[in-house]
>>> print(open('coords29.txt').read())   # compact mmCIF, C-alpha atoms
# COMPACT_ATOMS: atom_id res chain seq x y z
CA MET A 142 -28.48 -11.20 1.33
CA LYS A 143 -27.32 -13.14 -1.70
CA TYR A 144 -27.55 -11.61 -5.14
CA GLY A 145 -26.11 -14.39 -7.24
CA PRO A 146 -22.84 -16.22 -7.59
CA ASN A 147 -19.85 -15.40 -5.46
CA ALA A 148 -16.48 -14.32 -6.84
CA MET A 149 -13.50 -16.35 -5.68
CA ILE A 150 -9.80 -15.99 -6.34
CA THR A 151 -8.62 -19.03 -8.29
CA GLY A 152 -5.32 -17.79 -9.70
CA TRP A 153 -2.50 -15.52 -8.65
CA GLY A 154 0.74 -14.25 -10.12
CA LYS A 155 3.34 -11.53 -9.97
CA CYS A 156 5.95 -9.83 -12.12
CA LEU A 157 8.83 -7.90 -10.60
CA PRO A 158 11.32 -6.35 -13.00
CA PRO A 159 14.89 -7.55 -12.42
CA ALA A 160 16.80 -4.26 -11.89
CA VAL A 161 17.27 -3.54 -8.18
CA LEU A 162 17.72 -0.14 -6.52
CA SER A 163 19.03 -0.72 -3.01
CA ASN A 164 19.21 1.80 -0.18
CA HIS A 165 22.95 1.72 -0.65
CA ASP A 166 22.51 2.65 -4.34
CA LEU A 167 20.27 5.56 -3.26
CA GLU A 168 23.06 6.94 -1.09
CA SER A 169 24.81 8.01 -4.30
CA LEU A 170 21.65 9.69 -5.66
CA VAL A 171 20.35 11.56 -2.60
CA GLU A 172 21.65 12.50 0.82
CA THR A 173 20.31 9.54 2.77
CA SER A 174 21.45 6.34 4.43
CA ASP A 175 20.39 2.72 4.59
CA ASP A 176 19.73 3.16 8.32
CA TRP A 177 17.55 6.26 7.84
CA ILE A 178 15.43 4.60 5.14
CA THR A 179 15.17 1.28 6.97
CA THR A 180 14.07 2.68 10.33
CA ARG A 181 11.54 5.07 8.82
CA THR A 182 10.11 2.92 6.04
CA GLY A 183 11.19 -0.73 6.40
CA ILE A 184 12.35 -0.66 2.78
CA LYS A 185 15.72 -2.21 1.85
CA GLU A 186 15.40 -2.24 -1.93
CA ARG A 187 12.95 -1.69 -4.78
CA ARG A 188 12.73 -2.70 -8.44
CA ILE A 189 13.16 -0.38 -11.42
CA SER A 190 11.39 -1.44 -14.59
CA HIS A 191 13.02 -1.57 -18.02
CA VAL A 192 9.63 -2.23 -19.65
CA GLU A 193 6.15 -0.71 -19.60
CA VAL A 194 3.33 -1.25 -17.11
CA SER A 195 1.40 -3.31 -19.68
CA ASP A 196 4.38 -5.68 -20.05
CA MET A 197 4.56 -6.36 -16.31
CA ALA A 198 0.77 -6.59 -16.10
CA ALA A 199 0.59 -9.13 -18.93
CA VAL A 200 3.27 -11.37 -17.38
CA ALA A 201 1.58 -11.27 -13.96
CA ALA A 202 -1.76 -12.05 -15.66
CA GLN A 203 -0.27 -15.05 -17.53
CA HIS A 204 0.93 -16.49 -14.22
CA ALA A 205 -2.45 -15.89 -12.60
CA LEU A 206 -4.33 -17.51 -15.51
CA ALA A 207 -2.02 -20.54 -15.42
CA ALA A 208 -2.49 -20.86 -11.64
CA ALA A 209 -6.26 -20.82 -12.23
CA GLY A 210 -5.95 -23.37 -15.04
CA LYS A 211 -7.62 -20.94 -17.42
CA THR A 212 -6.78 -20.05 -21.00
CA VAL A 213 -6.67 -16.45 -22.14
CA GLU A 214 -9.70 -17.19 -24.33
CA GLU A 215 -11.75 -17.93 -21.22
CA CYS A 216 -11.01 -14.50 -19.71
CA ASP A 217 -14.01 -12.22 -20.31
CA LEU A 218 -12.79 -9.09 -18.49
CA ILE A 219 -9.50 -7.44 -17.60
CA VAL A 220 -9.50 -4.77 -14.90
CA LEU A 221 -6.17 -3.00 -14.60
CA ALA A 222 -5.57 -0.92 -11.49
CA THR A 223 -2.81 1.56 -12.20
CA CYS A 224 -1.97 5.23 -11.79
CA THR A 225 1.15 5.02 -13.97
CA GLY A 226 -0.22 3.46 -17.15
CA ASP A 227 1.68 3.35 -20.47
CA SER A 228 -0.98 5.62 -21.99
CA SER A 229 -4.30 7.29 -21.22
CA ILE A 230 -5.57 6.87 -24.76
CA PRO A 231 -6.02 4.02 -25.18
CA ALA A 232 -6.43 2.69 -21.68
CA THR A 233 -3.37 0.66 -20.71
CA ALA A 234 -5.68 -2.34 -20.30
CA ALA A 235 -5.98 -2.35 -24.10
CA HIS A 236 -2.24 -3.00 -24.38
CA VAL A 237 -2.52 -5.73 -21.76
CA GLN A 238 -5.36 -7.39 -23.67
CA ALA A 239 -3.29 -7.31 -26.87
CA LYS A 240 -0.17 -8.67 -25.16
CA LEU A 241 -2.23 -11.49 -23.66
CA GLY A 242 -4.21 -12.08 -26.86
CA ALA A 243 -7.32 -12.10 -24.66
CA TRP A 244 -9.66 -11.27 -27.52
CA ASN A 245 -12.83 -12.30 -25.68
CA ALA A 246 -12.18 -9.89 -22.83
CA ALA A 247 -13.48 -6.41 -22.21
CA ALA A 248 -10.78 -4.29 -20.60
CA PHE A 249 -10.54 -1.08 -18.64
CA ASP A 250 -8.21 0.87 -16.37
CA LEU A 251 -9.12 1.89 -12.86
CA ASN A 252 -7.24 4.58 -10.98
CA ALA A 253 -7.60 4.71 -7.22
CA ALA A 254 -3.84 5.06 -6.70
CA CYS A 255 -2.56 2.81 -3.89
CA SER A 256 -6.11 1.59 -3.19
CA GLY A 257 -6.46 0.62 -6.85
CA PHE A 258 -6.25 -3.13 -6.44
CA VAL A 259 -8.90 -3.23 -3.71
CA TYR A 260 -11.16 -1.01 -5.82
CA ALA A 261 -10.56 -3.22 -8.89
CA LEU A 262 -11.10 -6.48 -7.00
CA VAL A 263 -14.36 -5.26 -5.48
CA THR A 264 -15.57 -3.87 -8.83
CA ALA A 265 -14.77 -7.15 -10.62
CA ALA A 266 -16.33 -9.26 -7.85
CA ASN A 267 -19.52 -7.23 -8.08
CA MET A 268 -19.63 -7.65 -11.87
CA ILE A 269 -19.36 -11.40 -11.33
CA LYS A 270 -22.07 -11.27 -8.67
CA ALA A 271 -24.25 -9.29 -11.08
CA GLY A 272 -23.84 -12.17 -13.52
CA THR A 273 -22.36 -10.20 -16.40
CA HIS A 274 -18.86 -11.72 -16.25
CA GLN A 275 -17.48 -15.11 -15.21
CA THR A 276 -13.70 -15.10 -15.46
CA VAL A 277 -11.98 -11.83 -14.68
CA VAL A 278 -8.31 -10.98 -14.49
CA VAL A 279 -7.70 -8.23 -11.92
CA ILE A 280 -4.26 -6.65 -12.09
CA GLY A 281 -2.38 -4.05 -10.06
CA ALA A 282 0.65 -2.76 -11.98
CA GLU A 283 2.82 0.32 -11.63
CA LYS A 284 5.93 1.98 -12.98
CA LEU A 285 6.25 4.58 -10.24
CA HIS A 286 9.93 5.17 -10.86
CA TYR A 287 8.86 7.38 -13.76
CA HIS A 288 7.85 9.99 -11.15
CA LEU A 289 10.86 9.64 -8.83
CA ASP A 290 12.41 13.04 -8.18
CA PHE A 291 15.82 12.54 -6.61
CA THR A 292 15.94 16.17 -5.53
CA ASN A 293 13.19 15.23 -3.03
CA ARG A 294 14.69 12.74 -0.64
CA SER A 295 11.54 12.29 1.42
CA THR A 296 9.64 10.62 -1.43
CA ALA A 297 12.39 9.35 -3.75
CA VAL A 298 13.20 6.45 -1.43
CA LEU A 299 9.66 5.12 -1.09
CA PHE A 300 8.47 3.81 -4.42
CA GLY A 301 9.14 0.98 -6.83
CA ASP A 302 7.79 -0.89 -9.85
CA GLY A 303 5.97 -4.19 -10.21
CA ALA A 304 2.76 -6.02 -10.96
CA GLY A 305 0.50 -8.60 -9.38
CA ALA A 306 -2.65 -10.24 -10.67
CA VAL A 307 -5.46 -12.54 -9.63
CA VAL A 308 -8.14 -14.45 -11.50
CA LEU A 309 -11.64 -14.10 -10.11
CA GLU A 310 -14.23 -16.71 -11.05
CA ALA A 311 -17.92 -17.12 -10.44
CA THR A 312 -18.74 -19.84 -7.92
CA GLU A 313 -21.81 -21.02 -6.05
CA ASP A 314 -19.69 -21.78 -2.95
CA GLU A 315 -19.73 -19.41 0.03
CA VAL A 316 -16.22 -18.19 -0.67
CA GLY A 317 -14.53 -15.18 -2.22
CA VAL A 318 -15.14 -11.53 -1.44
CA LEU A 319 -17.51 -11.68 1.57
CA ALA A 320 -17.66 -7.98 2.42
CA SER A 321 -15.99 -4.81 1.27
CA GLU A 322 -15.77 -1.07 1.68
CA LEU A 323 -14.49 1.55 -0.74
CA GLY A 324 -14.08 5.17 0.27
CA MET A 325 -12.70 8.52 -0.81
CA ASP A 326 -12.03 11.89 0.78
CA GLY A 327 -11.28 14.16 -2.16
CA SER A 328 -11.13 17.21 0.11
CA ALA A 329 -7.70 16.09 1.32
CA SER A 330 -6.19 15.27 -2.08
CA ALA A 331 -3.37 17.81 -1.70
CA ILE A 332 -1.58 15.80 1.01
CA LEU A 333 -0.56 13.15 -1.52
CA GLN A 334 -0.44 14.04 -5.19
CA ILE A 335 1.43 14.67 -8.40
CA PRO A 336 0.24 18.24 -9.09
CA HIS A 337 1.19 18.21 -12.77
CA ASP A 338 0.17 14.82 -14.12
CA GLY A 339 -2.79 15.47 -16.35
CA THR A 340 -4.41 17.96 -18.70
CA GLU A 341 -4.50 20.81 -16.16
CA GLY A 342 -0.80 21.65 -16.43
CA ASP A 343 1.03 23.91 -18.86
CA ARG A 344 2.24 21.57 -21.60
CA ASP A 345 4.63 24.17 -23.03
CA ASP A 346 6.35 24.76 -19.73
CA PRO A 347 6.39 21.61 -17.67
CA ASP A 348 7.61 22.35 -14.17
CA PRO A 349 9.63 19.38 -12.90
CA LYS A 350 8.85 20.36 -9.32
CA ARG A 351 5.17 19.77 -10.03
CA ALA A 352 5.66 16.49 -11.88
CA GLY A 353 7.07 14.62 -8.90
CA ILE A 354 5.26 13.00 -6.01
CA HIS A 355 4.30 15.49 -3.29
CA MET A 356 3.45 14.11 0.12
CA ASP A 357 2.71 15.44 3.60
CA GLY A 358 4.22 12.41 5.32
CA PRO A 359 2.95 12.81 8.90
CA GLU A 360 -0.61 13.59 7.76
CA VAL A 361 -0.64 10.66 5.34
CA PHE A 362 0.74 8.43 8.09
CA LYS A 363 -1.99 9.42 10.52
CA ARG A 364 -4.83 9.03 8.05
CA ALA A 365 -3.47 5.76 6.64
CA VAL A 366 -3.30 4.09 10.05
CA THR A 367 -6.73 5.31 11.12
CA THR A 368 -8.45 4.60 7.82
CA MET A 369 -6.99 1.16 7.10
CA GLY A 370 -7.61 0.07 10.68
CA ASP A 371 -11.16 1.38 10.88
CA ALA A 372 -12.15 0.12 7.41
CA SER A 373 -10.84 -3.34 8.31
CA VAL A 374 -12.97 -3.38 11.45
CA ARG A 375 -16.04 -2.27 9.49
CA VAL A 376 -15.72 -4.93 6.75
CA LEU A 377 -15.28 -7.63 9.39
CA GLU A 378 -18.44 -6.39 11.11
CA LYS A 379 -20.28 -6.45 7.77
CA ALA A 380 -19.13 -10.03 7.19
CA GLY A 381 -20.02 -11.03 10.76
CA ILE A 382 -16.49 -12.23 11.41
CA ALA A 383 -14.46 -11.65 14.57
CA LEU A 384 -10.94 -10.29 14.25
CA GLU A 385 -9.61 -13.39 16.01
CA GLU A 386 -10.89 -15.53 13.13
CA VAL A 387 -8.75 -13.68 10.58
CA ASP A 388 -5.84 -15.79 9.36
CA LEU A 389 -3.97 -13.18 7.35
CA LEU A 390 -4.01 -9.40 7.03
CA ILE A 391 -2.52 -8.12 3.79
CA PRO A 392 -2.19 -4.35 4.15
CA HIS A 393 -1.01 -2.05 1.38
CA GLN A 394 2.78 -1.95 1.68
CA ALA A 395 3.54 1.77 1.94
CA ASN A 396 5.62 1.95 5.08
CA ILE A 397 6.45 -0.63 7.77
CA ARG A 398 5.60 1.91 10.47
CA ILE A 399 2.10 2.36 8.99
CA ILE A 400 1.68 -1.43 8.83
CA ASP A 401 2.88 -1.91 12.42
CA ALA A 402 0.72 0.92 13.76
CA THR A 403 -2.33 -0.41 11.90
CA ALA A 404 -1.72 -3.91 13.30
CA ARG A 405 -1.39 -2.46 16.82
CA ARG A 406 -4.58 -0.47 16.37
CA LEU A 407 -6.39 -3.65 15.28
CA LYS A 408 -4.70 -5.64 18.06
CA ILE A 409 -3.99 -8.40 15.54
CA ASP A 410 -1.20 -10.92 16.11
CA PRO A 411 1.81 -9.51 14.18
CA GLY A 412 2.48 -13.04 12.90
CA LYS A 413 -0.75 -12.79 10.88
CA VAL A 414 0.36 -9.69 8.98
CA MET A 415 1.88 -10.16 5.52
CA ILE A 416 4.92 -7.94 4.98
CA ASN A 417 7.20 -7.80 1.95
CA ILE A 418 7.86 -4.06 1.75
CA GLN A 419 11.56 -4.65 2.44
CA SER A 420 11.98 -6.11 -1.06
CA TYR A 421 9.86 -3.84 -3.26
CA GLY A 422 8.99 -0.58 -1.49
CA ASN A 423 5.62 0.96 -2.27
CA THR A 424 4.45 -0.30 -5.67
CA SER A 425 1.03 1.36 -5.22
CA ALA A 426 -1.75 -0.77 -6.74
CA ALA A 427 0.64 -3.72 -7.11
CA THR A 428 1.50 -4.23 -3.44
CA ILE A 429 -1.49 -6.33 -2.39
CA PRO A 430 -1.60 -8.80 -5.33
CA VAL A 431 2.19 -9.25 -5.12
CA ALA A 432 1.99 -9.79 -1.34
CA LEU A 433 -0.94 -12.20 -1.76
CA THR A 434 1.01 -14.19 -4.36
CA GLU A 435 4.04 -14.34 -2.08
CA ALA A 436 1.86 -15.40 0.87
CA LEU A 437 0.59 -18.32 -1.23
CA GLU A 438 4.11 -19.17 -2.39
CA ALA A 439 5.26 -19.21 1.23
CA GLY A 440 2.41 -21.51 2.29
CA ARG A 441 0.83 -18.83 4.46
CA VAL A 442 -2.66 -19.33 2.98
CA GLU A 443 -4.52 -22.47 4.10
CA PRO A 444 -7.65 -23.79 2.37
CA GLY A 445 -10.65 -21.84 3.68
CA ALA A 446 -8.45 -19.10 5.16
CA LEU A 447 -9.96 -15.76 6.06
CA ILE A 448 -7.96 -12.90 4.59
CA VAL A 449 -8.42 -9.17 5.07
CA ILE A 450 -6.93 -6.78 2.53
CA ALA A 451 -6.77 -3.05 3.25
CA ALA A 452 -5.31 -0.13 1.35
CA PHE A 453 -4.98 3.61 1.45
CA GLY A 454 -3.71 6.04 -1.14
CA ALA A 455 -3.87 9.26 -3.07
CA GLY A 456 -7.38 10.66 -3.36
CA LEU A 457 -7.48 10.15 -0.47
CA SER A 458 -8.85 6.78 -1.36
CA TRP A 459 -9.22 3.70 0.77
CA GLY A 460 -10.59 0.20 0.49
CA ALA A 461 -10.85 -3.00 2.49
CA ALA A 462 -12.28 -6.44 1.86
CA VAL A 463 -12.73 -9.76 3.65
CA ILE A 464 -11.96 -12.77 1.51
CA ARG A 465 -12.72 -16.41 2.28
CA TRP A 466 -10.20 -18.52 0.38
CA GLY A 467 -11.34 -21.62 -1.51
CA ASP A 468 -10.03 -25.19 -1.23
CA ARG A 469 -7.05 -24.87 -3.51
CA VAL A 470 -3.84 -23.10 -2.48
CA GLU A 471 -1.61 -24.66 -5.16
CA PRO A 472 -1.50 -23.41 -8.75
CA ILE A 473 -3.10 -25.72 -11.33
CA LYS A 474 -0.41 -24.94 -13.88
CA GLU A 475 2.77 -22.87 -14.06
CA SER A 476 3.46 -20.31 -16.78
CA ASP A 477 6.92 -19.65 -18.17
CA SER A 478 5.91 -16.12 -19.15
CA ALA A 479 8.68 -13.63 -18.36
CA LEU A 480 9.79 -10.11 -19.24
CA PRO A 481 12.37 -9.62 -21.98
CA PRO A 482 15.90 -9.59 -20.52
CA ASN A 483 17.21 -6.28 -19.22
CA ASP A 484 20.67 -5.23 -20.40
CA ARG A 485 20.71 -1.80 -18.72
CA THR A 486 22.02 -0.83 -15.32
CA THR A 487 19.76 0.68 -12.69
CA ASP A 488 21.62 3.98 -13.10
CA ASP A 489 20.90 3.91 -16.85
CA LEU A 490 17.23 3.28 -16.17
CA LEU A 491 17.10 6.26 -13.78
CA ALA A 492 19.11 8.66 -15.96
CA PRO A 493 15.94 10.20 -17.51
CA ASN A 494 14.74 11.09 -13.99
CA VAL A 495 17.97 12.89 -13.16
CA ASP A 496 17.83 14.69 -16.54
CA PHE A 497 14.26 15.84 -15.99
CA PHE A 498 14.04 16.54 -12.27
CA GLY A 499 17.67 17.46 -11.67
CA LYS A 500 20.33 16.18 -9.31
CA TYR A 501 20.05 16.19 -5.55
CA GLN A 502 21.59 19.34 -4.04
CA PRO A 503 23.06 18.78 -0.57
CA THR A 504 21.65 21.29 1.89
CA SER A 505 24.87 22.12 3.76
CA MET B 28 -7.77 12.89 36.11
CA GLU B 29 -4.70 13.49 38.29
CA LYS B 30 -1.32 14.05 36.69
CA THR B 31 0.07 10.96 38.40
CA GLU B 32 -2.55 8.77 36.73
CA ILE B 33 -1.92 10.42 33.37
CA GLU B 34 1.79 9.81 33.85
CA THR B 35 1.26 6.12 34.65
CA ARG B 36 -0.99 5.56 31.67
CA LEU B 37 1.23 7.58 29.31
CA ARG B 38 4.25 5.62 30.47
CA ASP B 39 2.43 2.34 29.66
CA VAL B 40 1.50 3.65 26.20
CA LEU B 41 5.05 4.81 25.48
CA VAL B 42 6.41 1.38 26.35
CA SER B 43 3.73 -0.80 24.75
CA GLU B 44 2.81 1.27 21.68
CA LEU B 45 6.04 3.08 20.86
CA GLY B 46 8.45 0.50 22.26
CA LEU B 47 10.35 3.07 24.32
CA ASP B 48 12.81 2.12 27.06
CA ALA B 49 10.88 2.36 30.37
CA ASP B 50 14.05 3.22 32.32
CA LYS B 51 14.60 6.38 30.26
CA ILE B 52 11.06 7.75 30.66
CA ASN B 53 10.74 10.61 33.14
CA ARG B 54 9.02 13.98 33.06
CA SER B 55 12.03 15.86 31.79
CA ALA B 56 12.90 13.32 29.08
CA ASN B 57 12.88 14.90 25.62
CA PHE B 58 11.17 12.65 23.07
CA GLU B 59 13.57 13.44 20.27
CA THR B 60 16.91 13.70 22.02
CA ASP B 61 16.49 11.42 25.05
CA LEU B 62 14.02 8.84 23.81
CA ASP B 63 15.07 8.65 20.12
CA VAL B 64 11.56 9.32 18.80
CA ASP B 65 11.78 10.37 15.13
CA SER B 66 9.28 12.45 13.12
CA LEU B 67 6.96 9.51 12.41
CA GLY B 68 7.33 8.47 16.04
CA VAL B 69 5.93 11.85 17.08
CA VAL B 70 2.86 11.18 14.93
CA GLU B 71 2.52 7.72 16.51
CA LEU B 72 2.88 9.33 19.95
CA LEU B 73 0.11 11.85 19.26
CA MET B 74 -2.21 9.19 17.87
CA ALA B 75 -1.55 6.94 20.87
CA MET B 76 -2.24 9.84 23.26
CA GLU B 77 -5.49 10.68 21.46
CA ASP B 78 -6.63 7.06 21.66
CA GLU B 79 -5.58 6.52 25.27
CA PHE B 80 -7.10 9.68 26.72
CA GLY B 81 -9.90 10.37 24.24
CA VAL B 82 -8.62 13.86 23.43
CA LYS B 83 -7.93 15.70 20.16
CA ILE B 84 -4.49 17.22 19.73
CA PRO B 85 -4.35 19.68 16.81
CA ASP B 86 -1.03 20.27 15.04
CA ASP B 87 -0.47 23.72 16.56
CA GLU B 88 -0.72 22.26 20.07
CA ALA B 89 1.33 19.20 19.14
CA GLU B 90 4.24 21.46 18.16
CA HIS B 91 4.69 22.44 21.82
CA ILE B 92 5.20 18.89 23.06
CA HIS B 93 8.89 18.17 23.42
CA THR B 94 9.12 16.36 26.76
CA VAL B 95 7.14 13.71 28.60
CA GLY B 96 6.17 16.37 31.16
CA GLU B 97 4.76 18.64 28.45
CA ALA B 98 2.70 15.75 27.09
CA ILE B 99 1.30 15.08 30.57
CA ASP B 100 0.48 18.77 31.08
CA LEU B 101 -1.28 18.99 27.71
CA VAL B 102 -3.48 15.97 28.44
CA HIS B 103 -4.12 17.23 31.97
CA GLY B 104 -5.18 20.62 30.65
CA LYS B 105 -7.56 19.05 28.12
CA LEU B 106 -9.17 16.67 30.61
CA ASN B 107 -9.58 19.25 33.36
CA VAL B 108 -11.11 22.28 31.72
>>> encode(input="coords29.txt", output="structure tokens")
Amino acid sequence: MKYGPNAMITGWGKCLPPAVLSNHDLESLVETSDDWITTRTGIKERRISHVEVSDMAAVAAQHALAAAGKTVEECDLIVLATCTGDSSIPATAAHVQAKLGAWNAAAFDLNAACSGFVYALVTAANMIKAGTHQTVVVIGAEKLHYHLDFTNRSTAVLFGDGAGAVVLEATEDEVGVLASELGMDGSASAILQIPHDGTEGDRDDPDPKRAGIHMDGPEVFKRAVTTMGDASVRVLEKAGIALEEVDLLIPHQANIRIIDATARRLKIDPGKVMINIQSYGNTSAATIPVALTEALEAGRVEPGALIVIAAFGAGLSWGAAVIRWGDRVEPIKESDSALPPNDRTTDDLLAPNVDFFGKYQPTS
Amino acid sequence: MEKTEIETRLRDVLVSELGLDADKINRSANFETDLDVDSLGVVELLMAMEDEFGVKIPDDEAEHIHTVGEAIDLVHGKLNV
């Protein structure tokens, strides 16, 4: 059934802040080791932002608009997937619009945690299909380091900062988002959450223990593998595409073991799975657009390629989509947009976390 | 299903899905200490067992699986009630 135009990705871009936090650096903050982190997560280093989410989002968006050959004036909607926005009022997307000068664009935030980019892409694609918008910038951007509690070594090693963006345009061609699924199981929200991160907490007595990321690792692992795998199978069925036809799987980059187990469950050739978690850790809503951009940069996307994206996150939310790429895999233009230089060390950038959450206390 | 068949199929799963060393797998092998399976590996093991044998293994039962033999016995018990 065809409702109207399709929504295809015509531009892509990323913004990773320059300060690096390596596993070795973490050894001085928590009782851990490079080997422990690498074997359990696949992460070697992550980035720590010296700027706000809207700054990273705007830079990634500039690159995506340039790649699409579009001006900011042509953008009529900005959808920002984030769960670590600069502000709730206004929506962080308002800051992004102002930093871009995209005065013709509507703008809103969307929070589906690590599934945020899939949710945002599907929402934007459906608005294009409905005919209300033509040129949409979809961004996933996070500053998760804000929540890093170095007294909790099981979560402190997992997350990082960054942003990725795509431009979605209306097209009459049979390309773009072919099929999708979004889901949520709010009954299991407690297995992955920041308990005190909203209006429900006691503002006069913030409890640092409740302001960090809480996670039941094994349960999240199990559900992530099952859900991302099963949702991928279902969207392929909806699109009438066999798994063997898929050229690239871009899973949310949360943990290499989750990615490997999902790939095994799908019985997909490991060479078709995009992995860059080693460099950035889990950047929540930013992982998929950053990985997509890096897949294009590495020449891993051919014209007409079939791509599956799949994500899983707090909620528990999930999303998957099948995308048929268009003819163009090279950017039309390049942007020289960049973050302001950083003159602070990674330790300086993390000092507020240690002040707020406290220092790691060895158990023995 | 006989225990010998369960053992054969479990052995295949341990090698192909978890990448364990086939030479080290025997009934008395402890997953953690003999086969170097870490906490996430235990989750992978349980998921692989559930898929392979079509059984459900709740957390309270999973806690009692330490060796390959115990895994075989658990599956055998579930399939032969």
>>> closest_atom_pairs(input="coords29.txt", of="chain B", to="chain A", cutoff="9 Å", atoms="all atoms listed in the file", output="JSON lines")
{"residue": "B:Glu44", "atom": "CA", "partner": "A:Arg405", "partner_atom": "CA", "distance": 7.4}
{"residue": "B:Asp65", "atom": "CA", "partner": "A:Arg181", "partner_atom": "CA", "distance": 8.2}
{"residue": "B:Ser66", "atom": "CA", "partner": "A:Pro359", "partner_atom": "CA", "distance": 7.6}
{"residue": "B:Leu67", "atom": "CA", "partner": "A:Pro359", "partner_atom": "CA", "distance": 6.3}
{"residue": "B:Gly68", "atom": "CA", "partner": "A:Arg398", "partner_atom": "CA", "distance": 8.8}
{"residue": "B:Val69", "atom": "CA", "partner": "A:Pro359", "partner_atom": "CA", "distance": 8.8}
{"residue": "B:Val70", "atom": "CA", "partner": "A:Pro359", "partner_atom": "CA", "distance": 6.2}
{"residue": "B:Glu71", "atom": "CA", "partner": "A:Ala402", "partner_atom": "CA", "distance": 7.6}
{"residue": "B:Met74", "atom": "CA", "partner": "A:Lys363", "partner_atom": "CA", "distance": 7.4}
>>> write_last_selection(input="coords29.txt", atoms="C-alpha atoms", output="PDB file, keeping the file's coordinate frame")
ATOM      1  CA  GLU B  44       2.810   1.270  21.680  1.00  0.00           C
ATOM      2  CA  ASP B  65      11.780  10.370  15.130  1.00  0.00           C
ATOM      3  CA  SER B  66       9.280  12.450  13.120  1.00  0.00           C
ATOM      4  CA  LEU B  67       6.960   9.510  12.410  1.00  0.00           C
ATOM      5  CA  GLY B  68       7.330   8.470  16.040  1.00  0.00           C
ATOM      6  CA  VAL B  69       5.930  11.850  17.080  1.00  0.00           C
ATOM      7  CA  VAL B  70       2.860  11.180  14.930  1.00  0.00           C
ATOM      8  CA  GLU B  71       2.520   7.720  16.510  1.00  0.00           C
ATOM      9  CA  MET B  74      -2.210   9.190  17.870  1.00  0.00           C
TER      10      MET B  74
END
>>> atom_distance(input="coords29.txt", atom1="CA of Asp388 in chain A", atom2="CA of Asn417 in chain A")
17.0 Å
>>> closest_residue(input="coords29.txt", among="B:Leu101, B:Ile92, B:Ala75, B:Ile84", to="Ser43 in chain B", atoms="only C-alpha atoms")
B:Ala75
>>> residues_around(input="coords29.txt", residues="Lys105 in chain B", least_positions_apart="2", cutoff="12 Å", atoms="all atoms listed in the file", output="PDB file with C-alpha atoms, in the coordinates of the input")
ATOM      1  CA  MET B  28      -7.770  12.890  36.110  1.00  0.00           C
ATOM      2  CA  GLU B  29      -4.700  13.490  38.290  1.00  0.00           C
ATOM      3  CA  LYS B  30      -1.320  14.050  36.690  1.00  0.00           C
ATOM      4  CA  ILE B  33      -1.920  10.420  33.370  1.00  0.00           C
ATOM      5  CA  MET B  76      -2.240   9.840  23.260  1.00  0.00           C
ATOM      6  CA  GLU B  77      -5.490  10.680  21.460  1.00  0.00           C
ATOM      7  CA  PHE B  80      -7.100   9.680  26.720  1.00  0.00           C
ATOM      8  CA  GLY B  81      -9.900  10.370  24.240  1.00  0.00           C
ATOM      9  CA  VAL B  82      -8.620  13.860  23.430  1.00  0.00           C
ATOM     10  CA  LYS B  83      -7.930  15.700  20.160  1.00  0.00           C
ATOM     11  CA  ILE B  84      -4.490  17.220  19.730  1.00  0.00           C
ATOM     12  CA  PRO B  85      -4.350  19.680  16.810  1.00  0.00           C
ATOM     13  CA  GLU B  88      -0.720  22.260  20.070  1.00  0.00           C
ATOM     14  CA  ALA B  98       2.700  15.750  27.090  1.00  0.00           C
ATOM     15  CA  ILE B  99       1.300  15.080  30.570  1.00  0.00           C
ATOM     16  CA  ASP B 100       0.480  18.770  31.080  1.00  0.00           C
ATOM     17  CA  LEU B 101      -1.280  18.990  27.710  1.00  0.00           C
ATOM     18  CA  VAL B 102      -3.480  15.970  28.440  1.00  0.00           C
ATOM     19  CA  HIS B 103      -4.120  17.230  31.970  1.00  0.00           C
ATOM     20  CA  ASN B 107      -9.580  19.250  33.360  1.00  0.00           C
ATOM     21  CA  VAL B 108     -11.110  22.280  31.720  1.00  0.00           C
TER      22      VAL B 108
END
>>> residues_around(input="coords29.txt", residues="Ser420 in chain A", least_positions_apart="5", cutoff="10 Å", atoms="only C-alpha atoms", output="number ranges by chain")
A: 161-163, 183-188, 301
>>> residues_around(input="coords29.txt", residues="Ala436 in chain A", least_positions_apart="4", cutoff="10 Å", atoms="all atoms listed in the file", output="list in words")
Leu389, Ile391, Met415, Ile416, Asn417, Pro430, Val431, Ala432, Gly440, Arg441 and Val442 of chain A
>>> write_last_selection(input="coords29.txt", atoms="C-alpha atoms", output="PDB file, in the frame of the given file")
ATOM      1  CA  LEU A 389      -3.970 -13.180   7.350  1.00  0.00           C
ATOM      2  CA  ILE A 391      -2.520  -8.120   3.790  1.00  0.00           C
ATOM      3  CA  MET A 415       1.880 -10.160   5.520  1.00  0.00           C
ATOM      4  CA  ILE A 416       4.920  -7.940   4.980  1.00  0.00           C
ATOM      5  CA  ASN A 417       7.200  -7.800   1.950  1.00  0.00           C
ATOM      6  CA  PRO A 430      -1.600  -8.800  -5.330  1.00  0.00           C
ATOM      7  CA  VAL A 431       2.190  -9.250  -5.120  1.00  0.00           C
ATOM      8  CA  ALA A 432       1.990  -9.790  -1.340  1.00  0.00           C
ATOM      9  CA  GLY A 440       2.410 -21.510   2.290  1.00  0.00           C
ATOM     10  CA  ARG A 441       0.830 -18.830   4.460  1.00  0.00           C
ATOM     11  CA  VAL A 442      -2.660 -19.330   2.980  1.00  0.00           C
TER      12      VAL A 442
END
>>> atom_distance(input="coords29.txt", atom1="CA of Thr173 in chain A", atom2="CA of Val194 in chain A")
28.3 Å
